[in-house]
Amino acid sequence: MGASPTLISSVQRAFRLLEAASAHETGAPAKQLARETGLPLGTAYHLLRTLVHDGYLRKLDDGGFVLGDRLQSLHTGGRSQALLARVRPVLSALRDELSSAAYLTFYEDGEIRVSEVVDGPRAPRVDLWVGFEDAGHATALGKTVLRELDDDSRQEYLSRHTLNDLTPHTVTTPVELIRRLENTPLAPAVTDLEEYALGTVCVAVPVYSGGTVGSLGVSMPRNRLDRIDEVRERLLPTARRITRSLSLTM
């Protein structure tokens with residue numbers, strides 16, 4: 001027989017109170033929650049006060065307790081992790097097939113954010129020496145998202161972000177950036193030809209999670225530039241697969 005696990009009774013009691021509170025849509029007072037969980041009223045009060053302080057419960061004006069916003073953020077984060085878990089094997093397969101690090105981004109809260117990077121010893125990721133949220137104009141991943149945004153959303157994004165000069169190849173004026181986005185020869189794919197980091201090129205295509213636009217891309221050394229057409233043809237069906245997978249979980 002193995003040793004029994006060490007359990008923290010106060011944590012168990014707090015979870016029992018959360019479970020009891022979740023069963024009452026309009027809230028329940030401390031005395032009722034204490035009775036339903038079998039806890040002494042004093043213990044229930046202390047735990048409820050802590051849960052309210054940390055945002056896991058909210059106390060209503062009538063004294064009832066309901067679930068707090070912190071639990072919603074946990075639910076949202078857990079859901080995002082579950083979604084990424086569904087597409088991570090697809091990214092790994094793409095990395096292995098192209099011998100290139102694979103990236104997935106989404107446009108969230110007005111920012112282009114990296115959601116997942118799958119790399120390896122033979123497919124190292126790009127050194128993100130400049131924060132990605134400040135380099136959307138210089139990366140294939142960021143430019144793909146900007147290309148997919150409507151005019152108003154794109155202009156709003158550009159009004160909040162300086163187009164920093166990262167390499168001699170970086171486009172630093174909004175007019176020229178938009179012109180290139182609208183005339184990219186590999187559309188819907190977009191490239192980054194040493195615009196973010198010298199010696200590195202990237203290709204990306206759009207993906208969607210419901211109504212949220214994102215991008216799927218890979219990075220590779222400049223000496224593999226002649227493979228861009230091949231990479232594009234592999235990225236497009238993979239992006240459709242990821243979009244379909246994410247849509248099925250909405």
# chains A, B, ... in the order shown; residues from 1 in each chain; ligands from 1
$ select_by_dssp --residues "range 11-249 of chain A" --states "helix (DSSP H, G or I)" --output "PyMOL selection string"
chain A and resi 11-22+30-37+41-53+69-98+132-134+136-138+140-148+151-160+174-182+222-248
$ select_by_dssp --residues "range 83-237 of chain A" --states "strand (DSSP E)" --output "MDAnalysis selection string"
chainID A and resid 101:108 111:118 190:193 200:209 212:221
$ residues_around --residues "Arg241 in chain A" --least-positions-apart "4" --cutoff "9 Å" --atoms "only C-alpha atoms" --output "PyMOL selection string"
chain A and resi 87+90+236-237+245-246
$ write_last_selection --atoms "C-alpha atoms" --output "PDB file, in the first residue's frame"
ATOM      1  CA  VAL A  87      -3.609  22.086 -32.880  1.00  0.00           C
ATOM      2  CA  VAL A  90      -0.492  19.824 -36.430  1.00  0.00           C
ATOM      3  CA  LEU A 236      -2.350  26.787 -46.857  1.00  0.00           C
ATOM      4  CA  PRO A 237      -3.953  23.355 -46.249  1.00  0.00           C
ATOM      5  CA  SER A 245     -10.300  22.354 -35.819  1.00  0.00           C
ATOM      6  CA  LEU A 246     -10.688  25.582 -33.873  1.00  0.00           C
TER       7      LEU A 246
END
$ residues_around --residues "Gly210 in chain A" --least-positions-apart "2" --cutoff "8 Å" --atoms "only C-alpha atoms" --output "ChimeraX atom specification"
/A:208,212,246-247,250
$ residues_around --residues "range 17-33 of chain A" --least-positions-apart "6" --cutoff "9 Å" --atoms "only C-alpha atoms" --output "list in words"
Leu39, Leu41, Ala44, Tyr45, Leu47, Leu48, Leu51, Tyr56, Leu57, Lys59, Leu60, Asp62, Gly63, Gly64, Phe65, Val66 and Leu67 of chain A
$ closest_residue --among "A:Gly136, A:Tyr107, A:His53, A:Ser100" --to "Pro121 in chain A" --atoms "only C-alpha atoms"
A:Ser100
$ residues_around --residues "Arg160 in chain A" --least-positions-apart "3" --cutoff "10 Å" --atoms "only C-alpha atoms" --output "list in words"
Gly110, Glu111, Asp134, Gln155, Glu156, Tyr157 and Leu163 of chain A
$ decode --residues "range 128-140 of chain A" --atoms "all heavy atoms" --output "PDB file, in the first residue's frame"
ATOM      1  N   LEU A 128      13.378  36.297 -30.554  1.00  0.00           N
ATOM      2  CA  LEU A 128      12.454  37.435 -30.511  1.00  0.00           C
ATOM      3  C   LEU A 128      13.105  38.578 -29.740  1.00  0.00           C
ATOM      4  O   LEU A 128      12.739  38.891 -28.611  1.00  0.00           O
ATOM      5  CB  LEU A 128      11.130  37.006 -29.887  1.00  0.00           C
ATOM      6  CG  LEU A 128      10.387  35.885 -30.624  1.00  0.00           C
ATOM      7  CD1 LEU A 128       9.090  35.542 -29.907  1.00  0.00           C
ATOM      8  CD2 LEU A 128      10.095  36.295 -32.069  1.00  0.00           C
ATOM      9  N   TRP A 129      14.051  39.203 -30.385  1.00  0.00           N
ATOM     10  CA  TRP A 129      14.841  40.231 -29.721  1.00  0.00           C
ATOM     11  C   TRP A 129      14.059  41.527 -29.530  1.00  0.00           C
ATOM     12  O   TRP A 129      14.404  42.350 -28.693  1.00  0.00           O
ATOM     13  CB  TRP A 129      16.132  40.497 -30.497  1.00  0.00           C
ATOM     14  CG  TRP A 129      15.945  41.127 -31.843  1.00  0.00           C
ATOM     15  CD1 TRP A 129      15.515  40.530 -32.987  1.00  0.00           C
ATOM     16  CD2 TRP A 129      16.191  42.497 -32.173  1.00  0.00           C
ATOM     17  NE1 TRP A 129      15.466  41.439 -34.004  1.00  0.00           N
ATOM     18  CE2 TRP A 129      15.890  42.654 -33.539  1.00  0.00           C
ATOM     19  CE3 TRP A 129      16.647  43.608 -31.457  1.00  0.00           C
ATOM     20  CZ2 TRP A 129      16.005  43.869 -34.214  1.00  0.00           C
ATOM     21  CZ3 TRP A 129      16.773  44.826 -32.108  1.00  0.00           C
ATOM     22  CH2 TRP A 129      16.455  44.941 -33.481  1.00  0.00           C
ATOM     23  N   VAL A 130      13.006  41.713 -30.296  1.00  0.00           N
ATOM     24  CA  VAL A 130      12.071  42.819 -30.102  1.00  0.00           C
ATOM     25  C   VAL A 130      10.722  42.209 -29.804  1.00  0.00           C
ATOM     26  O   VAL A 130      10.292  41.276 -30.490  1.00  0.00           O
ATOM     27  CB  VAL A 130      11.985  43.718 -31.353  1.00  0.00           C
ATOM     28  CG1 VAL A 130      10.895  44.771 -31.180  1.00  0.00           C
ATOM     29  CG2 VAL A 130      13.332  44.367 -31.626  1.00  0.00           C
ATOM     30  N   GLY A 131      10.041  42.702 -28.777  1.00  0.00           N
ATOM     31  CA  GLY A 131       8.733  42.162 -28.417  1.00  0.00           C
ATOM     32  C   GLY A 131       7.814  42.077 -29.621  1.00  0.00           C
ATOM     33  O   GLY A 131       7.715  43.020 -30.413  1.00  0.00           O
ATOM     34  N   PHE A 132       7.135  40.956 -29.773  1.00  0.00           N
ATOM     35  CA  PHE A 132       6.332  40.724 -30.971  1.00  0.00           C
ATOM     36  C   PHE A 132       5.238  41.764 -31.144  1.00  0.00           C
ATOM     37  O   PHE A 132       4.907  42.149 -32.266  1.00  0.00           O
ATOM     38  CB  PHE A 132       5.716  39.319 -30.922  1.00  0.00           C
ATOM     39  CG  PHE A 132       5.299  38.815 -32.267  1.00  0.00           C
ATOM     40  CD1 PHE A 132       6.211  38.187 -33.096  1.00  0.00           C
ATOM     41  CD2 PHE A 132       4.003  38.986 -32.713  1.00  0.00           C
ATOM     42  CE1 PHE A 132       5.831  37.733 -34.342  1.00  0.00           C
ATOM     43  CE2 PHE A 132       3.618  38.535 -33.967  1.00  0.00           C
ATOM     44  CZ  PHE A 132       4.538  37.906 -34.784  1.00  0.00           C
ATOM     45  N   GLU A 133       4.661  42.230 -30.033  1.00  0.00           N
ATOM     46  CA  GLU A 133       3.590  43.226 -30.134  1.00  0.00           C
ATOM     47  C   GLU A 133       4.097  44.547 -30.704  1.00  0.00           C
ATOM     48  O   GLU A 133       3.300  45.367 -31.174  1.00  0.00           O
ATOM     49  CB  GLU A 133       2.951  43.446 -28.765  1.00  0.00           C
ATOM     50  CG  GLU A 133       2.176  42.221 -28.276  1.00  0.00           C
ATOM     51  CD  GLU A 133       1.506  42.450 -26.937  1.00  0.00           C
ATOM     52  OE1 GLU A 133       1.562  43.606 -26.453  1.00  0.00           O
ATOM     53  OE2 GLU A 133       0.940  41.507 -26.384  1.00  0.00           O
ATOM     54  N   ASP A 134       5.410  44.763 -30.683  1.00  0.00           N
ATOM     55  CA  ASP A 134       5.992  45.985 -31.238  1.00  0.00           C
ATOM     56  C   ASP A 134       6.605  45.750 -32.612  1.00  0.00           C
ATOM     57  O   ASP A 134       7.256  46.647 -33.158  1.00  0.00           O
ATOM     58  CB  ASP A 134       7.080  46.527 -30.296  1.00  0.00           C
ATOM     59  CG  ASP A 134       6.513  46.943 -28.952  1.00  0.00           C
ATOM     60  OD1 ASP A 134       5.417  47.527 -28.943  1.00  0.00           O
ATOM     61  OD2 ASP A 134       7.159  46.680 -27.928  1.00  0.00           O
ATOM     62  N   ALA A 135       6.389  44.560 -33.176  1.00  0.00           N
ATOM     63  CA  ALA A 135       7.050  44.246 -34.448  1.00  0.00           C
ATOM     64  C   ALA A 135       6.101  43.605 -35.452  1.00  0.00           C
ATOM     65  O   ALA A 135       6.545  42.926 -36.370  1.00  0.00           O
ATOM     66  CB  ALA A 135       8.242  43.315 -34.186  1.00  0.00           C
ATOM     67  N   GLY A 136       4.801  43.843 -35.290  1.00  0.00           N
ATOM     68  CA  GLY A 136       3.849  43.247 -36.225  1.00  0.00           C
ATOM     69  C   GLY A 136       4.082  43.660 -37.665  1.00  0.00           C
ATOM     70  O   GLY A 136       3.841  42.884 -38.590  1.00  0.00           O
ATOM     71  N   HIS A 137       4.579  44.874 -37.866  1.00  0.00           N
ATOM     72  CA  HIS A 137       4.817  45.386 -39.218  1.00  0.00           C
ATOM     73  C   HIS A 137       6.015  44.736 -39.896  1.00  0.00           C
ATOM     74  O   HIS A 137       6.181  44.849 -41.110  1.00  0.00           O
ATOM     75  CB  HIS A 137       5.060  46.896 -39.151  1.00  0.00           C
ATOM     76  CG  HIS A 137       6.323  47.256 -38.416  1.00  0.00           C
ATOM     77  ND1 HIS A 137       6.476  47.064 -37.059  1.00  0.00           N
ATOM     78  CD2 HIS A 137       7.504  47.778 -38.850  1.00  0.00           C
ATOM     79  CE1 HIS A 137       7.676  47.474 -36.686  1.00  0.00           C
ATOM     80  NE2 HIS A 137       8.328  47.903 -37.754  1.00  0.00           N
ATOM     81  N   ALA A 138       6.867  44.053 -39.110  1.00  0.00           N
ATOM     82  CA  ALA A 138       8.125  43.532 -39.630  1.00  0.00           C
ATOM     83  C   ALA A 138       8.156  42.015 -39.710  1.00  0.00           C
ATOM     84  O   ALA A 138       9.183  41.442 -40.079  1.00  0.00           O
ATOM     85  CB  ALA A 138       9.288  44.023 -38.766  1.00  0.00           C
ATOM     86  N   THR A 139       7.065  41.354 -39.359  1.00  0.00           N
ATOM     87  CA  THR A 139       7.031  39.894 -39.376  1.00  0.00           C
ATOM     88  C   THR A 139       5.947  39.411 -40.326  1.00  0.00           C
ATOM     89  O   THR A 139       4.905  40.062 -40.490  1.00  0.00           O
ATOM     90  CB  THR A 139       6.737  39.336 -37.975  1.00  0.00           C
ATOM     91  OG1 THR A 139       5.420  39.726 -37.583  1.00  0.00           O
ATOM     92  CG2 THR A 139       7.753  39.844 -36.957  1.00  0.00           C
ATOM     93  N   ALA A 140       6.181  38.260 -40.936  1.00  0.00           N
ATOM     94  CA  ALA A 140       5.161  37.686 -41.815  1.00  0.00           C
ATOM     95  C   ALA A 140       3.891  37.378 -41.028  1.00  0.00           C
ATOM     96  O   ALA A 140       2.771  37.565 -41.517  1.00  0.00           O
ATOM     97  CB  ALA A 140       5.708  36.415 -42.467  1.00  0.00           C
TER      98      ALA A 140
END
